[in-house]
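Written below as structure tokens is the structure these notes are about.
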Amino acid sequence: MSREFNIDYVFSFIPKMLSYLHITLFIVASSLLLGLIIGLLVALPRMYNVPFLKRVSQVYVSFFRGTPILIQLFLVYYGLPELLKLVDINSSRWDVLWFAVATYALNSGAFISEIIRSGVEAVDRGQIEAAQSVGMSGYQTFTRIILPQALAVVVPVFSNLVIANLKDTSLAFTIGAMEMTGKSQTLGAATQHFVETYIALSLIYLVVSLILQKLFKVLENTLLKHEHRDTVQNEPKKRKSFVVRYLNPRLSKGGKSI
Amino acid sequence: MSLDFGFIYTAFLGLFSALPNTLIITVVSVLAGLVIGIITALARIYKVPVLSQISHGYVTFIRGTPMLMHLLLIYFSLPLLIDAGAKHFGWSFHSKDVPYMVFALISFSITSGAYMSEVVRSGIQSVNRGQIEAAYAVGMTTWQVLRRIVFPQAFVVSLPNLTNSVIGMLHGSTLAFTVSVTEIQAQAEILASTNWKYLEVYIAAALIFWGLTVLIERISGLVEKKINVFNGGRAS
């Protein structure tokens, strides 16, 4: 099946795969950006209770959280061209990368809308009333009161989503996208050193996700700097992020688990 | 758009033959993951010297790499180890005798174990320290404290995370097609390529997974309601 294990291959594969890292990161970044827009659009009708749109967004979120990303990839890959044909757009020459980006964007959109909702709901109702009673407009209440607090609550969950997305991009090879995993498949097939390929690839994913985790940790600490100054100082820091990350069941529903 | 609705129904029925494999993968990996998770979580909470470092490394590695990598690593490296062992010790047993399903189950249990470990850890740590001290004060042993005081409360807190993990493993089971296990995704590929109706088949597959996920969420919701009855109706 495979040739004998040779550690040298691991080292020689890493740079080869790293040259495809930017495509992986491109998928992650662009799908998050698009997902943020979709998530906001989807969260709004549910937060403001818009009659018909509310149900549509509920179904959208339920569908994309309730089906495996792999199935979604194939649905978009085979379904989107059909939809585009209806409006006379021929997508047959498009790069498969765009189908991957579209899938991950639709998928993140569902998760992000939940994150936005949970973040906004986490802000105490009384504070919003207080802001309005001192004469703030709706926009001012949102940018000055809701947003800063919601952001601080949401960052850990968002960080989990970004890392989950990074790992999910490894599936894009199934529709033929040439990112890191796609490259590893060809390297493995060409050399028959599969174990070494996947060790090298795992190491790259591990390092990238550790770096992302560190970055988000820094961001979280900056955002929490002004909040609960006394509790943050008195209690061990771990506790705070712990509560935010795991114990609020409303929040944990916004996160992907795997 | 040329969508053959009749075929979606046909595919739907065709995919059901692969449902048992999907469910086996999900159930086995969740249960085995729970066992691994409890062991690694306890090792980390009680700071067992070497074991806690190993657990930490294990959880970090698994959570930092895609599930697909774990599957492919196991699938390609375990046969090498088995065959090396067979050659060295003269076993009559070779890697080709191992069904592909076993590789999938091992790998998914390892993946699920790391996520479960975090679920268990957060659940256990949410139990009030004072209660544990009180339990010790009335003379309970550590095992009694865990079983009577910590686990029941931890379960309530972890239920949403546990549900997420189960759904995650259900969705993750689709990866088993890469090692030729015929679960729903693999069956969908077979059906799609023999009939040249790709979109219809994947719609059917999506509907099955969607239904299963909603079912799991419902069950978890019911359990949560039931538990909260004993909790004085307060959400944990």
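By order of appearance in the structure tokens: chains A, B, ..., then residues from 1 within every chain, and ligands from 1 in the order shown.
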Starting from chain B, keep only residues with some atom at most 6 Å from an atom of chain A, counting only C-alpha atoms, and report them as a VMD selection string. chain B and resid 1 64 to 66 73 76 to 77 164 to 165 168 171 199 202 206 209 to 210 213
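A straight line drawn from atom CA of A:Leu147 to atom CA of A:Val123 is 9.0 Å long.
The spacing separating atom CA of A:Met47 from atom CA of A:Ala122 amounts to 12.6 Å.
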